[in-house]
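Data block for target15.txt (compact mmCIF, C-alpha atoms):
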```txt
# COMPACT_ATOMS: atom_id res chain seq x y z
CA MET A 19 16.06 38.56 25.48
CA ASN A 20 18.44 40.61 27.58
CA SER A 21 16.77 41.64 30.84
CA SER A 22 17.93 45.23 30.41
CA GLU A 23 16.18 45.48 27.04
CA THR A 24 12.74 47.06 26.86
CA ARG A 25 11.21 46.54 23.47
CA SER A 26 8.39 48.64 22.10
CA LEU A 27 7.94 46.80 18.80
CA PRO A 28 7.43 43.04 18.43
CA ASN A 29 10.25 41.23 16.65
CA GLY A 30 7.90 39.39 14.27
CA ALA A 31 8.22 41.84 11.35
CA GLY A 32 12.01 41.61 11.43
CA ALA A 33 11.85 37.83 11.74
CA ALA A 34 9.53 37.69 8.70
CA ALA A 35 11.92 39.80 6.60
CA THR A 36 14.91 37.72 7.73
CA LEU A 37 13.38 34.29 7.10
CA ALA A 38 11.81 35.37 3.79
CA ALA A 39 15.22 36.57 2.56
CA GLY A 40 16.73 33.22 3.54
CA ILE A 41 13.97 31.33 1.74
CA GLY A 42 14.27 33.58 -1.33
CA ALA A 43 18.01 32.99 -1.41
CA VAL A 44 17.71 29.21 -1.20
CA VAL A 45 15.04 29.19 -3.94
CA LEU A 46 17.59 30.98 -6.14
CA GLY A 47 20.13 28.25 -5.39
CA VAL A 48 17.72 25.36 -5.91
CA LEU A 49 16.47 26.76 -9.23
CA THR A 50 20.06 27.33 -10.37
CA LEU A 51 20.84 23.67 -9.63
CA ALA A 52 17.58 22.41 -11.18
CA GLY A 53 18.08 24.45 -14.35
CA ASP A 54 21.61 23.15 -14.69
CA LYS A 55 20.63 19.50 -14.25
CA SER A 56 17.37 19.31 -16.18
CA PRO A 57 17.01 20.63 -19.76
CA ALA A 58 13.21 20.59 -19.33
CA ILE A 59 13.37 22.83 -16.26
CA LYS A 60 15.93 25.04 -17.97
CA ASN A 61 13.57 25.54 -20.94
CA ALA A 62 10.64 26.21 -18.62
CA LEU A 63 12.67 28.94 -16.92
CA ILE A 64 13.28 30.89 -20.11
CA PHE A 65 10.87 33.79 -19.54
CA TYR A 66 12.87 36.23 -21.67
CA ARG A 67 14.89 34.62 -24.44
CA PRO A 68 17.82 37.11 -24.65
CA THR A 69 18.60 36.45 -20.97
CA GLY A 70 17.80 32.72 -21.08
CA ALA A 71 16.98 30.65 -18.00
CA LEU A 72 18.41 33.34 -15.70
CA SER A 73 15.24 35.36 -16.35
CA GLY A 74 13.04 32.57 -14.96
CA VAL A 75 15.36 31.67 -12.09
CA THR A 76 15.41 35.24 -10.80
CA THR A 77 11.75 36.06 -11.52
CA VAL A 78 10.50 32.95 -9.68
CA THR A 79 12.94 33.67 -6.83
CA ILE A 80 11.70 37.25 -6.42
CA ALA A 81 8.05 36.15 -6.62
CA VAL A 82 8.51 33.41 -3.99
CA TRP A 83 10.51 35.74 -1.75
CA PHE A 84 7.87 38.49 -1.83
CA VAL A 85 4.92 36.12 -1.31
CA VAL A 86 6.65 34.37 1.61
CA TRP A 87 7.59 37.75 3.11
CA LEU A 88 4.00 38.99 2.81
CA LEU A 89 2.57 35.83 4.39
CA LEU A 90 5.09 35.73 7.23
CA HIS A 91 4.62 39.45 7.88
CA ARG A 92 0.86 38.94 8.18
CA LEU A 93 1.39 36.02 10.54
CA TRP A 94 4.11 37.49 12.75
CA SER A 95 4.15 41.29 12.55
CA LYS A 96 2.12 41.81 15.73
CA LYS A 97 3.85 39.24 17.88
CA ASP A 98 7.19 38.12 19.24
CA VAL A 99 8.72 34.96 17.83
CA ASN A 100 11.83 32.90 18.57
CA ILE A 101 14.11 35.30 16.74
CA ARG A 102 17.34 33.47 17.57
CA LYS A 103 16.08 30.29 15.94
CA ILE A 104 14.72 32.12 12.90
CA VAL A 105 17.93 34.09 12.30
CA THR A 106 19.91 30.82 12.55
CA ILE A 107 17.63 29.12 10.00
CA ALA A 108 17.91 32.12 7.67
CA PHE A 109 21.71 31.93 7.82
CA VAL A 110 21.73 28.22 7.08
CA LEU A 111 19.53 28.94 4.04
CA LEU A 112 21.81 31.79 2.94
CA ALA A 113 24.88 29.58 3.27
CA ALA A 114 23.13 26.83 1.27
CA SER A 115 22.27 29.32 -1.46
CA LEU A 116 25.90 30.47 -1.69
CA LEU A 117 26.92 26.84 -2.12
CA LEU A 118 24.15 26.05 -4.62
CA THR A 119 25.21 28.89 -6.92
CA PHE A 120 28.87 27.76 -6.93
CA PRO A 121 29.47 25.89 -10.23
CA PRO A 122 31.98 23.27 -8.90
CA PHE A 123 29.42 22.30 -6.22
CA ILE A 124 26.64 22.05 -8.84
CA ASP A 125 28.89 19.90 -11.05
CA ALA A 126 29.36 17.46 -8.17
CA PHE A 127 25.72 16.32 -8.51
CA MET B 174 38.56 58.81 -27.22
CA GLU B 175 35.43 56.80 -27.88
CA ILE B 176 33.23 54.17 -26.31
CA THR B 177 30.49 51.95 -27.73
CA SER B 178 26.96 51.92 -26.32
CA ARG B 179 27.47 48.36 -25.04
CA GLY B 180 30.73 49.37 -23.40
CA LEU B 181 29.04 52.37 -21.81
CA TRP B 182 26.20 50.25 -20.38
CA THR B 183 28.73 47.76 -19.04
CA LEU B 184 30.50 50.68 -17.36
CA ILE B 185 27.23 51.98 -15.87
CA HIS B 186 26.36 48.47 -14.63
CA GLY B 187 29.77 47.63 -13.18
CA MET B 188 31.41 50.88 -12.20
CA GLY B 189 28.27 52.97 -11.74
CA PHE B 190 25.97 50.69 -9.76
CA GLY B 191 28.17 47.75 -8.73
CA ALA B 192 31.33 49.52 -7.62
CA LEU B 193 29.35 52.27 -5.91
CA PHE B 194 27.44 49.62 -3.98
CA LEU B 195 30.69 47.95 -2.90
CA LEU B 196 32.12 51.28 -1.77
CA ALA B 197 28.94 52.07 0.15
CA CYS B 198 29.17 48.70 1.93
CA SER B 199 32.32 49.66 3.84
CA ALA B 200 30.66 52.61 5.58
CA ALA B 201 27.42 50.68 6.23
CA ILE B 202 29.21 47.66 7.65
CA TYR B 203 31.32 49.88 9.92
CA GLN B 204 28.29 51.81 11.16
CA LEU B 205 26.21 48.66 11.74
CA TRP B 206 29.14 46.93 13.45
CA HIS B 207 29.51 49.99 15.70
CA LEU B 208 25.78 49.81 16.45
CA CYS B 209 26.07 46.12 17.41
CA ARG B 210 29.19 46.68 19.53
CA SER B 211 27.67 49.60 21.40
CA ASN B 212 24.64 47.42 22.18
CA GLY B 213 22.42 49.57 19.96
CA ALA B 214 23.32 52.94 21.46
CA SER B 215 23.46 55.59 18.74
CA GLU B 216 22.43 59.14 18.07
CA ALA B 217 19.04 59.80 16.49
CA HIS B 218 20.40 61.63 13.47
CA THR B 219 22.85 58.75 12.78
CA ASP B 220 19.91 56.34 12.66
CA VAL B 221 18.03 58.55 10.21
CA VAL B 222 21.05 58.89 7.93
CA LEU B 223 21.77 55.14 8.10
CA LYS B 224 18.14 54.33 7.32
CA TRP B 225 18.25 56.24 4.02
CA TYR B 226 21.79 55.11 3.33
CA LEU B 227 20.75 51.43 3.53
CA LEU B 228 17.74 52.13 1.33
CA ALA B 229 19.99 53.77 -1.29
CA MET B 230 22.29 50.74 -1.12
CA ALA B 231 19.36 48.38 -1.74
CA LEU B 232 18.38 50.52 -4.75
CA LEU B 233 21.96 50.36 -6.09
CA ALA B 234 22.02 46.58 -5.67
CA TRP B 235 18.74 46.26 -7.62
CA LEU B 236 19.92 48.60 -10.38
CA SER B 237 23.15 46.63 -10.65
CA VAL B 238 21.54 43.18 -11.06
CA LEU B 239 18.71 44.40 -13.29
CA SER B 240 21.02 46.29 -15.65
CA GLY B 241 23.40 43.34 -15.68
CA THR B 242 20.75 40.70 -16.31
CA TYR B 243 18.52 42.51 -18.79
CA ILE B 244 20.85 44.94 -20.58
CA VAL B 245 24.44 43.66 -20.55
CA TYR B 246 23.97 39.87 -20.25
CA PRO B 247 21.98 39.49 -23.52
CA TRP B 248 24.93 41.09 -25.37
CA TYR B 249 27.35 38.78 -23.56
CA ARG B 250 25.47 35.62 -24.57
CA ALA B 251 24.49 36.73 -28.09
CA VAL B 252 24.63 33.94 -30.68
CA ALA B 253 26.87 34.52 -33.69
CA PRO B 254 25.52 33.79 -37.18
CA ALA B 255 26.93 30.64 -38.79
CA GLY B 256 30.36 31.20 -40.36
CA THR B 257 31.32 34.11 -38.09
CA HIS B 258 35.08 34.10 -37.53
CA ASP B 259 35.53 37.34 -35.58
CA LEU B 260 33.92 36.70 -32.17
CA ALA B 261 34.68 40.14 -30.70
CA LEU B 262 30.93 40.95 -30.57
CA TYR B 263 30.12 37.61 -28.88
CA PRO B 264 31.97 37.54 -25.53
CA GLN B 265 30.59 34.20 -24.34
CA LEU B 266 31.54 32.45 -27.57
CA LEU B 267 34.91 34.18 -27.55
CA LEU B 268 35.68 32.85 -24.07
CA LYS B 269 34.44 29.36 -24.94
CA SER B 270 36.53 29.25 -28.11
CA SER B 271 39.79 28.67 -26.26
CA PRO B 272 40.73 26.20 -23.48
CA THR B 273 42.74 28.99 -21.85
CA THR B 274 39.70 31.27 -21.45
CA ILE B 275 36.69 28.91 -21.18
CA GLY B 276 36.94 28.88 -17.37
CA TRP B 277 36.10 32.59 -17.26
CA HIS B 278 32.67 31.56 -18.55
CA THR B 279 32.07 28.11 -17.01
CA LEU B 280 33.18 29.17 -13.53
CA GLY B 281 33.22 32.98 -13.58
CA MET B 282 30.07 33.98 -15.44
CA GLU B 283 28.04 30.93 -14.35
CA TRP B 284 28.75 31.83 -10.71
CA LYS B 285 28.52 35.60 -11.08
CA GLU B 286 25.16 35.69 -12.86
CA HIS B 287 23.44 33.82 -10.02
CA VAL B 288 25.31 34.80 -6.85
CA ALA B 289 24.88 38.52 -7.65
CA TRP B 290 21.14 38.21 -7.01
CA LEU B 291 21.75 37.41 -3.33
CA SER B 292 22.95 40.97 -2.93
CA PRO B 293 19.65 42.87 -3.50
CA ILE B 294 17.71 40.24 -1.54
CA ALA B 295 20.00 40.53 1.50
CA MET B 296 20.30 44.33 1.22
CA THR B 297 16.53 44.81 0.92
CA MET B 298 16.05 42.73 4.07
CA ALA B 299 18.64 44.88 5.91
CA ALA B 300 17.14 48.17 4.72
CA ALA B 301 13.52 47.13 5.36
CA THR B 302 14.30 45.90 8.88
CA PHE B 303 16.22 49.08 9.72
CA PHE B 304 13.41 51.19 8.28
CA HIS B 305 10.72 49.33 10.21
CA TYR B 306 12.44 49.42 13.60
CA GLY B 307 14.48 52.61 13.45
CA ARG B 308 15.60 53.58 16.98
CA ASP B 309 13.85 50.52 18.38
CA LEU B 310 16.51 48.32 16.79
CA ARG B 311 18.72 49.16 19.78
CA ASN B 312 16.42 46.86 21.77
CA GLN B 313 16.57 44.03 19.23
CA ARG B 314 19.97 42.39 19.60
CA TYR B 315 19.40 39.47 17.23
CA LEU B 316 17.80 41.65 14.58
CA ARG B 317 20.71 44.11 14.81
CA ASN B 318 23.13 41.25 14.24
CA ALA B 319 20.99 39.91 11.40
CA VAL B 320 20.97 43.32 9.65
CA LEU B 321 24.78 43.52 9.95
CA SER B 322 25.28 39.94 8.76
CA PHE B 323 22.92 40.28 5.79
CA THR B 324 24.75 43.47 4.77
CA VAL B 325 28.03 41.52 4.90
CA VAL B 326 26.48 38.74 2.76
CA ALA B 327 25.26 41.36 0.27
CA PHE B 328 28.80 42.74 0.14
CA VAL B 329 30.39 39.32 -0.36
CA ALA B 330 27.93 38.36 -3.13
CA ALA B 331 28.49 41.70 -4.90
CA ALA B 332 32.26 41.41 -4.49
CA ILE B 333 32.28 37.92 -6.06
CA ALA B 334 30.12 39.14 -8.95
CA GLY B 335 32.09 42.36 -9.39
CA THR B 336 35.49 40.68 -9.36
CA TRP B 337 34.47 38.06 -11.93
CA GLY B 338 32.74 40.70 -14.02
CA ALA B 339 35.84 42.88 -14.14
CA MET B 340 38.04 39.92 -15.10
CA ILE B 341 35.62 38.63 -17.74
CA ASN B 342 35.33 42.08 -19.27
CA LYS B 343 39.13 42.20 -19.43
CA TYR B 344 39.34 39.00 -21.51
CA ALA B 345 36.12 39.42 -23.51
CA PRO B 346 34.82 42.98 -23.32
CA THR B 347 31.23 43.73 -24.21
CA VAL B 348 31.54 45.97 -27.25
CA GLY B 349 29.43 47.03 -30.19
CA GLY B 350 26.49 49.27 -30.90
CA GLN B 351 26.60 53.01 -31.36
CA VAL B 352 30.01 54.66 -31.01
CA TYR B 353 30.30 57.78 -28.83
CA SER B 354 33.33 59.99 -29.42
CA PHE B 355 34.40 62.28 -26.57
CA SER B 356 37.54 63.92 -27.87
CA GLN B 357 40.10 63.61 -30.60
CA ALA B 358 43.70 63.90 -29.50
CA GLU B 359 46.36 64.81 -32.03
CA ALA B 360 48.96 62.13 -32.71
CA LYS B 361 52.40 63.07 -31.38
```
This structure in structure tokens:
Amino acid sequence: MNSSETRSLPNGAGAAATLAAGIGAVVLGVLTLAGDKSPAIKNALIFYRPTGALSGVTTVTIAVWFVVWLLLHRLWSKKDVNIRKIVTIAFVLLAASLLLTFPPFIDAF
Amino acid sequence: MEITSRGLWTLIHGMGFGALFLLACSAAIYQLWHLCRSNGASEAHTDVVLKWYLLAMALLAWLSVLSGTYIVYPWYRAVAPAGTHDLALYPQLLLKSSPTTIGWHTLGMEWKEHVAWLSPIAMTMAAATFFHYGRDLRNQRYLRNAVLSFTVVAFVAAAIAGTWGAMINKYAPTVGGQVYSFSQAEAK
């Protein structure tokens, strides 16, 4: 933390939102890859037939993201955490999710 | 001049929600970048406006992916009855029917349908964090940078999806359903 900065709110709530978004994003990527590679997983992810497996991929992603956000918020909202480390992890997860949704990368597996 | 109901929904999804979100990103990214550069110094009314602006952007991102996934996409991937020769009502099958257009589906749509969902996730994080901290964000350097970076990621994801969507709709437009006529011009 910069010495000139005087914070009034702990950074935990922001850290929870940041890391949860990173985790949600990587779940999207992993499910995209899993659905592409396994017909069984693809079938299991069909929650709404007209939309196909995309319905399951996105519904599970949103559910995981919200649950993780809620849990992290409860754990961290009243305290300060290592925000630099958490933001870095969230960016690595975001970058991984961008890669995992890119079809040529998925086809490489 | 007429448009089909499927064409109209595609327009609402792409040009209404998607393009509006992309346009909104430029102002948000500039304002957040300015906030980061000025070490968090900003006027109170700017923060209030930006707070609601980011929230509206998150809403637009959600409306865009939800309308795309649950309204337009089912029409795109509709299965044609056996023996159908005219594939105009089945965009996915139309693209896959030719080696010169199949890539628009296997690369374009396969990428677009998933990467687009990063946009509302990243934008919701940015809006929620800005809403929670408000003026106090000027004291949170890493969170300020995270809000800016997640907004940029939301923009990039939406731009990828929007660009592919526009190109796919050019080669295999989503058409069909009720026809709405707006005007009838006389032939010259």
Closest pair table for chain A residues within 9 Å of chain B, only C-alpha atoms, as a Markdown table:
```
| residue | atom | partner | partner_atom | distance |
| --- | --- | --- | --- | --- |
| A:Met19 | CA | B:Arg314 | CA | 8.0 |
| A:Asn20 | CA | B:Arg314 | CA | 8.3 |
| A:Ser22 | CA | B:Asn312 | CA | 8.9 |
| A:Glu23 | CA | B:Asn312 | CA | 5.5 |
| A:Thr24 | CA | B:Asn312 | CA | 6.3 |
| A:Arg25 | CA | B:Asn312 | CA | 5.5 |
| A:Ser26 | CA | B:Asp309 | CA | 6.9 |
| A:Leu27 | CA | B:Asp309 | CA | 7.0 |
| A:Asn29 | CA | B:Gln313 | CA | 7.4 |
| A:Ala31 | CA | B:Thr302 | CA | 7.7 |
| A:Gly32 | CA | B:Thr302 | CA | 5.5 |
| A:Ala33 | CA | B:Leu316 | CA | 7.6 |
| A:Ala35 | CA | B:Met298 | CA | 5.7 |
| A:Thr36 | CA | B:Met298 | CA | 6.3 |
| A:Ala38 | CA | B:Met298 | CA | 8.5 |
| A:Ala39 | CA | B:Ile294 | CA | 6.0 |
| A:Gly40 | CA | B:Ala295 | CA | 8.3 |
| A:Gly42 | CA | B:Ile294 | CA | 7.5 |
| A:Ala43 | CA | B:Leu291 | CA | 6.1 |
| A:Leu46 | CA | B:His287 | CA | 7.6 |
| A:Gly47 | CA | B:His287 | CA | 8.0 |
| A:Thr50 | CA | B:His287 | CA | 7.3 |
| A:Tyr66 | CA | B:Tyr243 | CA | 8.9 |
| A:Arg67 | CA | B:Pro247 | CA | 8.7 |
| A:Pro68 | CA | B:Pro247 | CA | 4.9 |
| A:Thr69 | CA | B:Pro247 | CA | 5.2 |
| A:Gly70 | CA | B:Pro247 | CA | 8.3 |
| A:Leu72 | CA | B:His287 | CA | 7.6 |
| A:Ser73 | CA | B:Thr242 | CA | 7.7 |
| A:Val75 | CA | B:His287 | CA | 8.6 |
| A:Thr76 | CA | B:Trp290 | CA | 7.5 |
| A:Ile80 | CA | B:Ile294 | CA | 8.3 |
| A:Trp83 | CA | B:Ile294 | CA | 8.5 |
| A:Ile101 | CA | B:Tyr315 | CA | 6.8 |
| A:Arg102 | CA | B:Tyr315 | CA | 6.4 |
| A:Val105 | CA | B:Ala319 | CA | 6.6 |
| A:Phe109 | CA | B:Phe323 | CA | 8.7 |
| A:Leu112 | CA | B:Val326 | CA | 8.4 |
| A:Ser115 | CA | B:Val288 | CA | 8.3 |
| A:Leu116 | CA | B:Val288 | CA | 6.8 |
| A:Thr119 | CA | B:Val288 | CA | 5.9 |
| A:Phe120 | CA | B:Trp284 | CA | 5.6 |
| A:Pro121 | CA | B:Leu280 | CA | 6.0 |
| A:Pro122 | CA | B:Leu280 | CA | 7.6 |
```
Atom CA of B:Val325 and atom CA of B:Ala200, how far apart in Å?
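Computing it gives 11.4 Å between the two atoms.
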If we count only C-alpha atoms, what is near B:Tyr263 at a cut-off of 12 Å, once residues fewer than 3 positions away on the same chain are taken out, given as a list in words?
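Listing them by chain and then by number gives Arg179, Val245, Tyr246, Pro247, Trp248, Tyr249, Arg250, Ala251, Val252, Ala253, Pro254, Thr257, His258, Asp259, Leu260, Leu266, Leu267, Leu268, Lys269, Ser270, Asn342, Tyr344, Ala345, Pro346, Thr347, Val348 and Gly349 of chain B.
Atom CA of B:Arg308 is positioned 23.5 Å from atom CA of A:Ala108.
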Can you pull out every residue within 10 Å of stretch 185-194 of chain B, counting all atoms listed in the file, but drop anything in the same chain fewer than 3 positions away, and send it as a PyMOL selection string?
chain B and resi 179-182+197-199+229-242+244-245+289+292+327-328+331-332+334-336+338-339+342
As a PyMOL selection string, please: the residues near A:Lys96 (cut-off 8 Å, all atoms listed in the file, same-chain neighbours under 3 positions excluded).
chain A and resi 28+30-31+93
Distance of atom CA of B:Trp277 from atom CA of B:Pro264, expressed in Å to one decimal place:
10.5 Å
Quick one: residues within 10 Å of A:Asp54, all atoms listed in the file, excluding same-chain residues fewer than 3 positions away - as a list of chain:residue names?
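Contacts, in chain order: A:Val48, A:Leu49, A:Thr50, A:Leu51, A:Pro57, A:Ala58, A:Ile59, A:Lys60, A:Ala71, A:Pro121, A:Ile124, A:Asp125.
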Around stretch 288-300 of chain B, with edges along x, y and z and 3 Å added on all six sides, what centre and edge lengths do you get, in Å to one decimal, as lines of an AutoDock Vina configuration file?
```
center_x = 20.7
center_y = 41.5
center_z = -0.9
size_x = 15.3
size_y = 19.4
size_z = 19.6
```
Any chance you could build stretch 115-126 of chain A out to all heavy atoms and write it as a short mmCIF file (atom, residue, chain, number, x, y, z; two decimals), in the coordinates of the input?
```
data_model
loop_
_atom_site.label_atom_id
_atom_site.label_comp_id
_atom_site.auth_asym_id
_atom_site.auth_seq_id
_atom_site.Cartn_x
_atom_site.Cartn_y
_atom_site.Cartn_z
N SER A 115 22.44 28.66 -0.16
CA SER A 115 22.27 29.32 -1.46
C SER A 115 23.62 29.72 -2.05
O SER A 115 23.83 29.62 -3.26
CB SER A 115 21.36 30.54 -1.34
OG SER A 115 22.02 31.56 -0.65
N LEU A 116 24.55 30.14 -1.20
CA LEU A 116 25.90 30.47 -1.69
C LEU A 116 26.56 29.24 -2.30
O LEU A 116 27.19 29.30 -3.35
CB LEU A 116 26.77 31.01 -0.54
CG LEU A 116 26.65 32.50 -0.23
CD1 LEU A 116 27.38 32.84 1.06
CD2 LEU A 116 27.21 33.36 -1.36
N LEU A 117 26.35 28.11 -1.64
CA LEU A 117 26.92 26.84 -2.12
C LEU A 117 26.23 26.39 -3.42
O LEU A 117 26.89 25.93 -4.35
CB LEU A 117 26.72 25.79 -1.02
CG LEU A 117 27.75 24.67 -0.92
CD1 LEU A 117 29.15 25.22 -0.77
CD2 LEU A 117 27.41 23.75 0.25
N LEU A 118 24.92 26.53 -3.46
CA LEU A 118 24.15 26.05 -4.62
C LEU A 118 24.36 26.89 -5.89
O LEU A 118 23.98 26.47 -6.98
CB LEU A 118 22.65 26.02 -4.28
CG LEU A 118 22.22 24.88 -3.36
CD1 LEU A 118 20.82 25.13 -2.81
CD2 LEU A 118 22.28 23.54 -4.07
N THR A 119 24.93 28.08 -5.73
CA THR A 119 25.21 28.89 -6.92
C THR A 119 26.68 28.74 -7.37
O THR A 119 27.07 29.32 -8.37
CB THR A 119 24.94 30.40 -6.66
OG1 THR A 119 25.70 30.81 -5.53
CG2 THR A 119 23.47 30.67 -6.43
N PHE A 120 27.44 27.94 -6.62
CA PHE A 120 28.87 27.76 -6.93
C PHE A 120 29.03 26.62 -7.94
O PHE A 120 28.76 25.45 -7.60
CB PHE A 120 29.63 27.48 -5.62
CG PHE A 120 31.12 27.43 -5.77
CD1 PHE A 120 31.82 28.46 -6.39
CD2 PHE A 120 31.84 26.34 -5.29
CE1 PHE A 120 33.20 28.42 -6.52
CE2 PHE A 120 33.22 26.29 -5.41
CZ PHE A 120 33.89 27.34 -6.04
N PRO A 121 29.45 26.92 -9.18
CA PRO A 121 29.47 25.89 -10.23
C PRO A 121 30.18 24.57 -9.87
O PRO A 121 29.63 23.50 -10.18
CB PRO A 121 30.16 26.61 -11.39
CG PRO A 121 29.81 28.04 -11.20
CD PRO A 121 29.82 28.24 -9.72
N PRO A 122 31.36 24.57 -9.23
CA PRO A 122 31.98 23.27 -8.90
C PRO A 122 31.10 22.41 -7.98
O PRO A 122 31.11 21.18 -8.07
CB PRO A 122 33.28 23.67 -8.19
CG PRO A 122 33.61 25.00 -8.76
CD PRO A 122 32.27 25.68 -8.94
N PHE A 123 30.33 23.06 -7.10
CA PHE A 123 29.42 22.30 -6.22
C PHE A 123 28.26 21.73 -7.05
O PHE A 123 27.88 20.56 -6.87
CB PHE A 123 28.88 23.23 -5.12
CG PHE A 123 27.96 22.53 -4.16
CD1 PHE A 123 28.47 21.74 -3.13
CD2 PHE A 123 26.58 22.65 -4.28
CE1 PHE A 123 27.62 21.08 -2.25
CE2 PHE A 123 25.72 22.00 -3.39
CZ PHE A 123 26.25 21.22 -2.38
N ILE A 124 27.74 22.52 -7.97
CA ILE A 124 26.64 22.05 -8.84
C ILE A 124 27.12 20.87 -9.68
O ILE A 124 26.40 19.88 -9.86
CB ILE A 124 26.15 23.21 -9.75
CG1 ILE A 124 25.48 24.29 -8.90
CG2 ILE A 124 25.19 22.70 -10.81
CD1 ILE A 124 25.11 25.54 -9.68
N ASP A 125 28.34 20.96 -10.19
CA ASP A 125 28.89 19.90 -11.05
C ASP A 125 29.09 18.59 -10.30
O ASP A 125 29.21 17.53 -10.91
CB ASP A 125 30.22 20.36 -11.67
CG ASP A 125 30.03 21.51 -12.65
OD1 ASP A 125 28.87 21.72 -13.10
OD2 ASP A 125 31.01 22.22 -12.95
N ALA A 126 29.16 18.68 -8.97
CA ALA A 126 29.36 17.46 -8.17
C ALA A 126 28.12 16.58 -8.15
O ALA A 126 28.20 15.40 -7.78
CB ALA A 126 29.77 17.84 -6.75
#
```
